[in-house]
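Below: the structure, in structure tokens.
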Amino acid sequence: MDSVNFACGRDGCDGWDGARRYRWQPPMLGLSDVETSADGKVQSKVWRRCRVQLLTKDWMPLQDCEQSFEPWIRKPSR
């Protein structure tokens with residue numbers, strides 16, 4: 001069973017699923033992540049922002065994500 005929690009206000013929504021936190025402020029989606037220093041000794045919590053393109057209700061490719069040049073797609077669980 002997947003559990004997702006979210007709360008919305010005038011400026012967007014915040015959500016969490018037990019593994020990651022999300023921040024939705026249209027048209028941008030923020031994803032919580034951990035960044036490791038170049039020497040591999042220090043980890044920092046960061047937010048990665050991605051532009052969302054809503055193609056259908058079940059297809060949401062993310063563009064211009066700060067962590068990768070590759071499109072990151074998360075399909076909803078059924």
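Residues in the structure tokens are numbered from 1 in each chain, the chains being A, B, ... in the order shown, and ligands are numbered from 1 in the order shown.
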
- If we count only C-alpha atoms, what is near A:Cys8 at a cut-off of 12 Å, once residues fewer than 3 positions away on the same chain are taken out, given as a PyMOL selection string? chain A and resi 5+11-15+22-25

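If only C-alpha atoms are the atoms counted, then among A:Val4, A:Ser44, A:Leu55, A:Trp16 the closest residue to A:Gly30 is A:Trp16.
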
Test item, strand (DSSP E or B) assignment across stretch 4-78 of chain A, answer as an mmCIF file with all heavy atoms, in the first residue's frame:
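File produced: part.cif:
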data_model
loop_
_atom_site.group_PDB
_atom_site.id
_atom_site.type_symbol
_atom_site.label_atom_id
_atom_site.label_comp_id
_atom_site.auth_asym_id
_atom_site.auth_seq_id
_atom_site.Cartn_x
_atom_site.Cartn_y
_atom_site.Cartn_z
ATOM 1 N N ASN A 5 0.581 11.946 1.513
ATOM 2 C CA ASN A 5 -0.088 13.017 2.241
ATOM 3 C C ASN A 5 0.199 14.331 1.531
ATOM 4 O O ASN A 5 1.294 14.522 0.997
ATOM 5 C CB ASN A 5 0.457 13.109 3.669
ATOM 6 C CG ASN A 5 0.238 11.833 4.435
ATOM 7 O OD1 ASN A 5 -0.871 11.529 4.822
ATOM 8 N ND2 ASN A 5 1.291 11.068 4.624
ATOM 9 N N PHE A 6 -0.776 15.238 1.535
ATOM 10 C CA PHE A 6 -0.531 16.545 0.951
ATOM 11 C C PHE A 6 -1.423 17.595 1.603
ATOM 12 O O PHE A 6 -2.460 17.289 2.171
ATOM 13 C CB PHE A 6 -0.714 16.530 -0.563
ATOM 14 C CG PHE A 6 -2.123 16.260 -1.016
ATOM 15 C CD1 PHE A 6 -3.003 17.298 -1.260
ATOM 16 C CD2 PHE A 6 -2.569 14.959 -1.196
ATOM 17 C CE1 PHE A 6 -4.295 17.052 -1.670
ATOM 18 C CE2 PHE A 6 -3.863 14.692 -1.613
ATOM 19 C CZ PHE A 6 -4.737 15.747 -1.846
ATOM 20 N N ALA A 7 -0.978 18.832 1.514
ATOM 21 C CA ALA A 7 -1.730 19.979 2.022
ATOM 22 C C ALA A 7 -1.566 21.103 1.013
ATOM 23 O O ALA A 7 -0.464 21.326 0.489
ATOM 24 C CB ALA A 7 -1.197 20.404 3.381
ATOM 25 N N CYS A 8 -2.638 21.800 0.709
ATOM 26 C CA CYS A 8 -2.596 22.856 -0.302
ATOM 27 C C CYS A 8 -3.050 24.187 0.283
ATOM 28 O O CYS A 8 -3.927 24.233 1.145
ATOM 29 C CB CYS A 8 -3.498 22.494 -1.481
ATOM 30 S SG CYS A 8 -2.971 21.015 -2.362
ATOM 31 N N GLY A 9 -2.442 25.235 -0.220
ATOM 32 C CA GLY A 9 -2.807 26.596 0.145
ATOM 33 C C GLY A 9 -2.918 27.434 -1.119
ATOM 34 O O GLY A 9 -2.968 26.899 -2.224
ATOM 35 N N GLY A 12 0.240 26.890 -3.639
ATOM 36 C CA GLY A 12 0.597 25.571 -4.146
ATOM 37 C C GLY A 12 0.332 24.501 -3.104
ATOM 38 O O GLY A 12 -0.457 24.696 -2.191
ATOM 39 N N CYS A 13 1.027 23.372 -3.244
ATOM 40 C CA CYS A 13 0.811 22.231 -2.354
ATOM 41 C C CYS A 13 2.145 21.674 -1.867
ATOM 42 O O CYS A 13 3.139 21.742 -2.576
ATOM 43 C CB CYS A 13 0.068 21.112 -3.087
ATOM 44 S SG CYS A 13 -1.582 21.576 -3.653
ATOM 45 N N ASP A 14 2.131 21.113 -0.675
ATOM 46 C CA ASP A 14 3.264 20.366 -0.141
ATOM 47 C C ASP A 14 2.798 18.940 0.072
ATOM 48 O O ASP A 14 1.669 18.707 0.500
ATOM 49 C CB ASP A 14 3.732 20.941 1.197
ATOM 50 C CG ASP A 14 4.420 22.281 1.056
ATOM 51 O OD1 ASP A 14 4.899 22.585 -0.053
ATOM 52 O OD2 ASP A 14 4.489 23.020 2.044
ATOM 53 N N GLY A 15 3.653 17.969 -0.230
ATOM 54 C CA GLY A 15 3.285 16.578 -0.056
ATOM 55 C C GLY A 15 4.470 15.760 0.414
ATOM 56 O O GLY A 15 5.615 16.185 0.335
ATOM 57 N N TRP A 16 4.179 14.585 0.920
ATOM 58 C CA TRP A 16 5.227 13.667 1.344
ATOM 59 C C TRP A 16 4.688 12.253 1.251
ATOM 60 O O TRP A 16 3.507 12.009 1.428
ATOM 61 C CB TRP A 16 5.727 13.993 2.749
ATOM 62 C CG TRP A 16 4.652 14.036 3.798
ATOM 63 C CD1 TRP A 16 4.341 13.042 4.673
ATOM 64 C CD2 TRP A 16 3.748 15.103 4.091
ATOM 65 N NE1 TRP A 16 3.303 13.432 5.490
ATOM 66 C CE2 TRP A 16 2.916 14.690 5.150
ATOM 67 C CE3 TRP A 16 3.560 16.372 3.550
ATOM 68 C CZ2 TRP A 16 1.917 15.496 5.676
ATOM 69 C CZ3 TRP A 16 2.552 17.162 4.083
ATOM 70 C CH2 TRP A 16 1.762 16.727 5.130
ATOM 71 N N ARG A 21 9.863 14.409 0.004
ATOM 72 C CA ARG A 21 8.919 15.514 0.146
ATOM 73 C C ARG A 21 8.791 16.196 -1.204
ATOM 74 O O ARG A 21 9.721 16.188 -2.001
ATOM 75 C CB ARG A 21 9.417 16.505 1.197
ATOM 76 C CG ARG A 21 9.413 15.895 2.583
ATOM 77 C CD ARG A 21 9.851 16.881 3.641
ATOM 78 N NE ARG A 21 11.227 17.320 3.368
ATOM 79 C CZ ARG A 21 11.677 18.542 3.626
ATOM 80 N NH1 ARG A 21 10.905 19.461 4.131
ATOM 81 N NH2 ARG A 21 12.933 18.858 3.367
ATOM 82 N N TYR A 22 7.637 16.782 -1.446
ATOM 83 C CA TYR A 22 7.344 17.432 -2.711
ATOM 84 C C TYR A 22 6.782 18.817 -2.433
ATOM 85 O O TYR A 22 6.090 19.025 -1.443
ATOM 86 C CB TYR A 22 6.292 16.640 -3.508
ATOM 87 C CG TYR A 22 6.667 15.204 -3.715
ATOM 88 C CD1 TYR A 22 6.318 14.241 -2.781
ATOM 89 C CD2 TYR A 22 7.389 14.819 -4.833
ATOM 90 C CE1 TYR A 22 6.669 12.919 -2.959
ATOM 91 C CE2 TYR A 22 7.750 13.500 -5.021
ATOM 92 C CZ TYR A 22 7.383 12.555 -4.081
ATOM 93 O OH TYR A 22 7.742 11.247 -4.261
ATOM 94 N N ARG A 23 7.043 19.754 -3.328
ATOM 95 C CA ARG A 23 6.484 21.095 -3.223
ATOM 96 C C ARG A 23 5.999 21.495 -4.609
ATOM 97 O O ARG A 23 6.786 21.592 -5.544
ATOM 98 C CB ARG A 23 7.545 22.067 -2.713
ATOM 99 C CG ARG A 23 7.011 23.456 -2.465
ATOM 100 C CD ARG A 23 8.018 24.288 -1.706
ATOM 101 N NE ARG A 23 8.135 23.747 -0.347
ATOM 102 C CZ ARG A 23 9.246 23.803 0.373
ATOM 103 N NH1 ARG A 23 10.322 24.357 -0.111
ATOM 104 N NH2 ARG A 23 9.272 23.304 1.581
ATOM 105 N N TRP A 24 4.693 21.679 -4.759
ATOM 106 C CA TRP A 24 4.089 22.017 -6.049
ATOM 107 C C TRP A 24 3.707 23.492 -6.052
ATOM 108 O O TRP A 24 2.864 23.926 -5.284
ATOM 109 C CB TRP A 24 2.861 21.144 -6.280
ATOM 110 C CG TRP A 24 2.002 21.546 -7.431
ATOM 111 C CD1 TRP A 24 0.715 21.973 -7.365
ATOM 112 C CD2 TRP A 24 2.338 21.531 -8.812
ATOM 113 N NE1 TRP A 24 0.245 22.228 -8.615
ATOM 114 C CE2 TRP A 24 1.218 21.972 -9.528
ATOM 115 C CE3 TRP A 24 3.499 21.198 -9.509
ATOM 116 C CZ2 TRP A 24 1.209 22.086 -10.917
ATOM 117 C CZ3 TRP A 24 3.498 21.307 -10.889
ATOM 118 C CH2 TRP A 24 2.368 21.740 -11.578
ATOM 119 N N GLN A 25 4.374 24.272 -6.904
ATOM 120 C CA GLN A 25 4.052 25.672 -7.119
ATOM 121 C C GLN A 25 4.045 25.857 -8.629
ATOM 122 O O GLN A 25 5.097 26.077 -9.231
ATOM 123 C CB GLN A 25 5.076 26.582 -6.446
ATOM 124 C CG GLN A 25 5.024 26.465 -4.930
ATOM 125 C CD GLN A 25 6.125 27.247 -4.250
ATOM 126 O OE1 GLN A 25 7.276 27.195 -4.658
ATOM 127 N NE2 GLN A 25 5.756 27.951 -3.200
ATOM 128 N N MET A 28 6.151 24.651 -11.417
ATOM 129 C CA MET A 28 7.352 23.991 -10.923
ATOM 130 C C MET A 28 7.022 22.980 -9.828
ATOM 131 O O MET A 28 6.156 23.208 -8.986
ATOM 132 C CB MET A 28 8.346 25.016 -10.373
ATOM 133 C CG MET A 28 8.778 26.075 -11.378
ATOM 134 S SD MET A 28 9.595 25.415 -12.834
ATOM 135 C CE MET A 28 11.185 25.038 -12.149
ATOM 136 N N LEU A 29 7.745 21.860 -9.844
ATOM 137 C CA LEU A 29 7.657 20.848 -8.798
ATOM 138 C C LEU A 29 9.004 20.778 -8.113
ATOM 139 O O LEU A 29 10.041 20.655 -8.778
ATOM 140 C CB LEU A 29 7.311 19.480 -9.401
ATOM 141 C CG LEU A 29 7.264 18.313 -8.425
ATOM 142 C CD1 LEU A 29 6.093 18.475 -7.456
ATOM 143 C CD2 LEU A 29 7.143 16.999 -9.170
ATOM 144 N N GLY A 30 9.022 20.887 -6.797
ATOM 145 C CA GLY A 30 10.246 20.740 -6.031
ATOM 146 C C GLY A 30 10.303 19.351 -5.423
ATOM 147 O O GLY A 30 9.316 18.850 -4.901
ATOM 148 N N LEU A 31 11.476 18.712 -5.514
ATOM 149 C CA LEU A 31 11.679 17.368 -4.972
ATOM 150 C C LEU A 31 12.786 17.435 -3.931
ATOM 151 O O LEU A 31 13.866 17.966 -4.201
ATOM 152 C CB LEU A 31 12.118 16.405 -6.081
ATOM 153 C CG LEU A 31 11.209 16.282 -7.295
ATOM 154 C CD1 LEU A 31 11.915 15.558 -8.416
ATOM 155 C CD2 LEU A 31 9.955 15.546 -6.906
ATOM 156 N N SER A 32 12.546 16.892 -2.754
ATOM 157 C CA SER A 32 13.611 16.855 -1.746
ATOM 158 C C SER A 32 14.660 15.839 -2.177
ATOM 159 O O SER A 32 14.342 14.826 -2.783
ATOM 160 C CB SER A 32 13.051 16.501 -0.369
ATOM 161 O OG SER A 32 12.505 15.202 -0.360
ATOM 162 N N ASP A 33 15.914 16.125 -1.891
ATOM 163 C CA ASP A 33 16.998 15.254 -2.315
ATOM 164 C C ASP A 33 18.181 15.456 -1.369
ATOM 165 O O ASP A 33 18.172 16.352 -0.534
ATOM 166 C CB ASP A 33 17.400 15.589 -3.753
ATOM 167 C CG ASP A 33 18.188 14.483 -4.433
ATOM 168 O OD1 ASP A 33 18.305 13.383 -3.857
ATOM 169 O OD2 ASP A 33 18.696 14.708 -5.537
ATOM 170 N N VAL A 34 19.175 14.623 -1.508
ATOM 171 C CA VAL A 34 20.408 14.737 -0.729
ATOM 172 C C VAL A 34 21.556 14.930 -1.706
ATOM 173 O O VAL A 34 21.676 14.209 -2.687
ATOM 174 C CB VAL A 34 20.650 13.476 0.132
ATOM 175 C CG1 VAL A 34 21.984 13.554 0.838
ATOM 176 C CG2 VAL A 34 19.523 13.302 1.134
ATOM 177 N N GLU A 35 22.387 15.931 -1.444
ATOM 178 C CA GLU A 35 23.537 16.218 -2.290
ATOM 179 C C GLU A 35 24.802 15.872 -1.511
ATOM 180 O O GLU A 35 24.935 16.225 -0.343
ATOM 181 C CB GLU A 35 23.519 17.691 -2.676
ATOM 182 C CG GLU A 35 24.570 18.077 -3.678
ATOM 183 C CD GLU A 35 24.309 19.474 -4.188
ATOM 184 O OE1 GLU A 35 24.758 20.426 -3.533
ATOM 185 O OE2 GLU A 35 23.635 19.598 -5.219
ATOM 186 N N THR A 36 25.726 15.177 -2.166
ATOM 187 C CA THR A 36 26.983 14.780 -1.536
ATOM 188 C C THR A 36 28.106 15.679 -2.039
ATOM 189 O O THR A 36 28.182 15.964 -3.241
ATOM 190 C CB THR A 36 27.302 13.309 -1.864
ATOM 191 O OG1 THR A 36 26.197 12.497 -1.446
ATOM 192 C CG2 THR A 36 28.554 12.848 -1.153
ATOM 193 N N GLN A 43 26.960 15.348 3.399
ATOM 194 C CA GLN A 43 25.685 15.305 2.688
ATOM 195 C C GLN A 43 24.810 16.463 3.165
ATOM 196 O O GLN A 43 24.775 16.756 4.355
ATOM 197 C CB GLN A 43 24.962 13.986 2.918
ATOM 198 C CG GLN A 43 25.638 12.810 2.246
ATOM 199 C CD GLN A 43 24.798 11.545 2.353
ATOM 200 O OE1 GLN A 43 24.051 11.370 3.307
ATOM 201 N NE2 GLN A 43 24.930 10.680 1.374
ATOM 202 N N SER A 44 24.120 17.090 2.232
ATOM 203 C CA SER A 44 23.234 18.206 2.540
ATOM 204 C C SER A 44 21.863 17.952 1.946
ATOM 205 O O SER A 44 21.754 17.399 0.850
ATOM 206 C CB SER A 44 23.787 19.509 1.946
ATOM 207 O OG SER A 44 25.088 19.751 2.392
ATOM 208 N N LYS A 45 20.818 18.368 2.655
ATOM 209 C CA LYS A 45 19.471 18.290 2.113
ATOM 210 C C LYS A 45 19.265 19.468 1.172
ATOM 211 O O LYS A 45 19.587 20.610 1.533
ATOM 212 C CB LYS A 45 18.435 18.320 3.227
ATOM 213 C CG LYS A 45 18.451 17.079 4.085
ATOM 214 C CD LYS A 45 17.380 17.148 5.148
ATOM 215 C CE LYS A 45 17.433 15.903 6.017
ATOM 216 N NZ LYS A 45 16.413 15.924 7.071
ATOM 217 N N VAL A 46 18.743 19.199 -0.016
ATOM 218 C CA VAL A 46 18.515 20.233 -1.022
ATOM 219 C C VAL A 46 17.142 20.026 -1.659
ATOM 220 O O VAL A 46 16.529 18.958 -1.528
ATOM 221 C CB VAL A 46 19.600 20.232 -2.119
ATOM 222 C CG1 VAL A 46 20.961 20.566 -1.533
ATOM 223 C CG2 VAL A 46 19.643 18.900 -2.840
ATOM 224 N N TRP A 47 16.666 21.037 -2.365
ATOM 225 C CA TRP A 47 15.451 20.947 -3.171
ATOM 226 C C TRP A 47 15.842 21.013 -4.635
ATOM 227 O O TRP A 47 16.637 21.860 -5.028
ATOM 228 C CB TRP A 47 14.496 22.103 -2.845
ATOM 229 C CG TRP A 47 13.757 21.904 -1.584
ATOM 230 C CD1 TRP A 47 14.110 22.371 -0.356
ATOM 231 C CD2 TRP A 47 12.556 21.153 -1.405
ATOM 232 N NE1 TRP A 47 13.189 21.964 0.578
ATOM 233 C CE2 TRP A 47 12.225 21.227 -0.036
ATOM 234 C CE3 TRP A 47 11.731 20.433 -2.263
ATOM 235 C CZ2 TRP A 47 11.107 20.599 0.487
ATOM 236 C CZ3 TRP A 47 10.604 19.825 -1.739
ATOM 237 C CH2 TRP A 47 10.302 19.911 -0.383
ATOM 238 N N ARG A 48 15.322 20.109 -5.442
ATOM 239 C CA ARG A 48 15.531 20.107 -6.892
ATOM 240 C C ARG A 48 14.248 20.598 -7.530
ATOM 241 O O ARG A 48 13.172 20.075 -7.260
ATOM 242 C CB ARG A 48 15.823 18.694 -7.401
ATOM 243 C CG ARG A 48 16.927 17.980 -6.695
ATOM 244 C CD ARG A 48 18.249 18.591 -7.000
ATOM 245 N NE ARG A 48 19.309 17.774 -6.402
ATOM 246 C CZ ARG A 48 20.556 18.119 -6.350
ATOM 247 N NH1 ARG A 48 20.951 19.261 -6.839
ATOM 248 N NH2 ARG A 48 21.452 17.333 -5.798
ATOM 249 N N ARG A 49 14.344 21.608 -8.363
ATOM 250 C CA ARG A 49 13.163 22.153 -9.017
ATOM 251 C C ARG A 49 13.097 21.682 -10.462
ATOM 252 O O ARG A 49 14.093 21.685 -11.161
ATOM 253 C CB ARG A 49 13.181 23.676 -8.966
ATOM 254 C CG ARG A 49 12.972 24.205 -7.573
ATOM 255 C CD ARG A 49 13.187 25.698 -7.509
ATOM 256 N NE ARG A 49 12.575 26.401 -8.623
ATOM 257 C CZ ARG A 49 11.446 27.111 -8.555
ATOM 258 N NH1 ARG A 49 10.817 27.201 -7.417
ATOM 259 N NH2 ARG A 49 10.964 27.725 -9.598
ATOM 260 N N CYS A 50 11.905 21.284 -10.888
ATOM 261 C CA CYS A 50 11.676 20.804 -12.244
ATOM 262 C C CYS A 50 10.418 21.452 -12.802
ATOM 263 O O CYS A 50 9.435 21.619 -12.089
ATOM 264 C CB CYS A 50 11.466 19.287 -12.269
ATOM 265 S SG CYS A 50 12.815 18.343 -11.584
ATOM 266 N N ARG A 51 10.466 21.779 -14.081
ATOM 267 C CA ARG A 51 9.271 22.292 -14.759
ATOM 268 C C ARG A 51 8.388 21.103 -15.122
ATOM 269 O O ARG A 51 8.859 20.108 -15.651
ATOM 270 C CB ARG A 51 9.666 23.064 -16.012
ATOM 271 C CG ARG A 51 8.472 23.669 -16.735
ATOM 272 C CD ARG A 51 8.916 24.652 -17.785
ATOM 273 N NE ARG A 51 9.619 25.793 -17.217
ATOM 274 C CZ ARG A 51 9.028 26.833 -16.619
ATOM 275 N NH1 ARG A 51 7.726 26.866 -16.503
ATOM 276 N NH2 ARG A 51 9.731 27.822 -16.147
ATOM 277 N N VAL A 52 7.097 21.205 -14.830
ATOM 278 C CA VAL A 52 6.148 20.120 -15.072
ATOM 279 C C VAL A 52 5.384 20.379 -16.366
ATOM 280 O O VAL A 52 4.924 21.489 -16.613
ATOM 281 C CB VAL A 52 5.146 20.008 -13.905
ATOM 282 C CG1 VAL A 52 4.095 18.964 -14.197
ATOM 283 C CG2 VAL A 52 5.869 19.691 -12.615
ATOM 284 N N THR A 56 -1.132 14.265 -19.983
ATOM 285 C CA THR A 56 -2.423 13.628 -19.717
ATOM 286 C C THR A 56 -2.545 13.532 -18.202
ATOM 287 O O THR A 56 -1.604 13.867 -17.484
ATOM 288 C CB THR A 56 -2.527 12.201 -20.321
ATOM 289 O OG1 THR A 56 -1.666 11.318 -19.594
ATOM 290 C CG2 THR A 56 -2.161 12.187 -21.798
ATOM 291 N N TRP A 59 0.360 11.218 -17.148
ATOM 292 C CA TRP A 59 1.691 11.379 -17.746
ATOM 293 C C TRP A 59 2.186 12.791 -17.465
ATOM 294 O O TRP A 59 1.618 13.762 -17.932
ATOM 295 C CB TRP A 59 1.606 11.111 -19.238
ATOM 296 C CG TRP A 59 2.931 10.965 -19.908
ATOM 297 C CD1 TRP A 59 3.484 11.848 -20.781
ATOM 298 C CD2 TRP A 59 3.863 9.901 -19.777
ATOM 299 N NE1 TRP A 59 4.701 11.388 -21.196
ATOM 300 C CE2 TRP A 59 4.960 10.202 -20.605
ATOM 301 C CE3 TRP A 59 3.874 8.727 -19.039
ATOM 302 C CZ2 TRP A 59 6.049 9.356 -20.705
ATOM 303 C CZ3 TRP A 59 4.967 7.901 -19.142
ATOM 304 C CH2 TRP A 59 6.030 8.211 -19.977
ATOM 305 N N PRO A 61 5.819 14.402 -17.527
ATOM 306 C CA PRO A 61 7.275 14.498 -17.622
ATOM 307 C C PRO A 61 7.790 15.777 -16.957
ATOM 308 O O PRO A 61 7.138 16.815 -17.028
ATOM 309 C CB PRO A 61 7.552 14.499 -19.123
ATOM 310 C CG PRO A 61 6.270 14.784 -19.781
ATOM 311 C CD PRO A 61 5.178 14.499 -18.820
ATOM 312 N N LEU A 62 8.920 15.669 -16.290
ATOM 313 C CA LEU A 62 9.551 16.810 -15.644
ATOM 314 C C LEU A 62 10.707 17.267 -16.517
ATOM 315 O O LEU A 62 11.487 16.458 -17.000
ATOM 316 C CB LEU A 62 10.049 16.421 -14.249
ATOM 317 C CG LEU A 62 8.998 15.839 -13.310
ATOM 318 C CD1 LEU A 62 9.635 15.501 -11.973
ATOM 319 C CD2 LEU A 62 7.841 16.775 -13.139
ATOM 320 N N GLN A 63 10.824 18.575 -16.699
ATOM 321 C CA GLN A 63 11.854 19.125 -17.568
ATOM 322 C C GLN A 63 12.762 20.057 -16.784
ATOM 323 O O GLN A 63 12.354 20.656 -15.800
ATOM 324 C CB GLN A 63 11.208 19.903 -18.717
ATOM 325 C CG GLN A 63 10.281 19.066 -19.565
ATOM 326 C CD GLN A 63 9.537 19.908 -20.574
ATOM 327 O OE1 GLN A 63 9.298 21.079 -20.357
ATOM 328 N NE2 GLN A 63 9.172 19.302 -21.677
ATOM 329 N N TRP A 72 12.833 13.100 -16.093
ATOM 330 C CA TRP A 72 12.495 12.191 -14.995
ATOM 331 C C TRP A 72 10.994 12.082 -14.965
ATOM 332 O O TRP A 72 10.286 13.082 -14.883
ATOM 333 C CB TRP A 72 13.005 12.748 -13.682
ATOM 334 C CG TRP A 72 12.782 11.896 -12.487
ATOM 335 C CD1 TRP A 72 13.568 10.850 -12.082
ATOM 336 C CD2 TRP A 72 11.732 11.974 -11.533
ATOM 337 N NE1 TRP A 72 13.074 10.302 -10.940
ATOM 338 C CE2 TRP A 72 11.937 10.958 -10.586
ATOM 339 C CE3 TRP A 72 10.632 12.792 -11.389
ATOM 340 C CZ2 TRP A 72 11.096 10.771 -9.503
ATOM 341 C CZ3 TRP A 72 9.781 12.601 -10.326
ATOM 342 C CH2 TRP A 72 10.020 11.592 -9.387
ATOM 343 N N ILE A 73 10.462 10.875 -15.054
ATOM 344 C CA ILE A 73 9.030 10.663 -15.121
ATOM 345 C C ILE A 73 8.625 9.721 -14.010
ATOM 346 O O ILE A 73 9.213 8.663 -13.841
ATOM 347 C CB ILE A 73 8.614 10.097 -16.496
ATOM 348 C CG1 ILE A 73 8.993 11.087 -17.591
ATOM 349 C CG2 ILE A 73 7.129 9.787 -16.532
ATOM 350 C CD1 ILE A 73 8.877 10.536 -18.979
#

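Nearest-residue note for A:Pro27: choosing from A:Ser3, A:Met60, A:Cys65, A:Gln53, the minimum distance belongs to A:Gln53, counting only C-alpha atoms.
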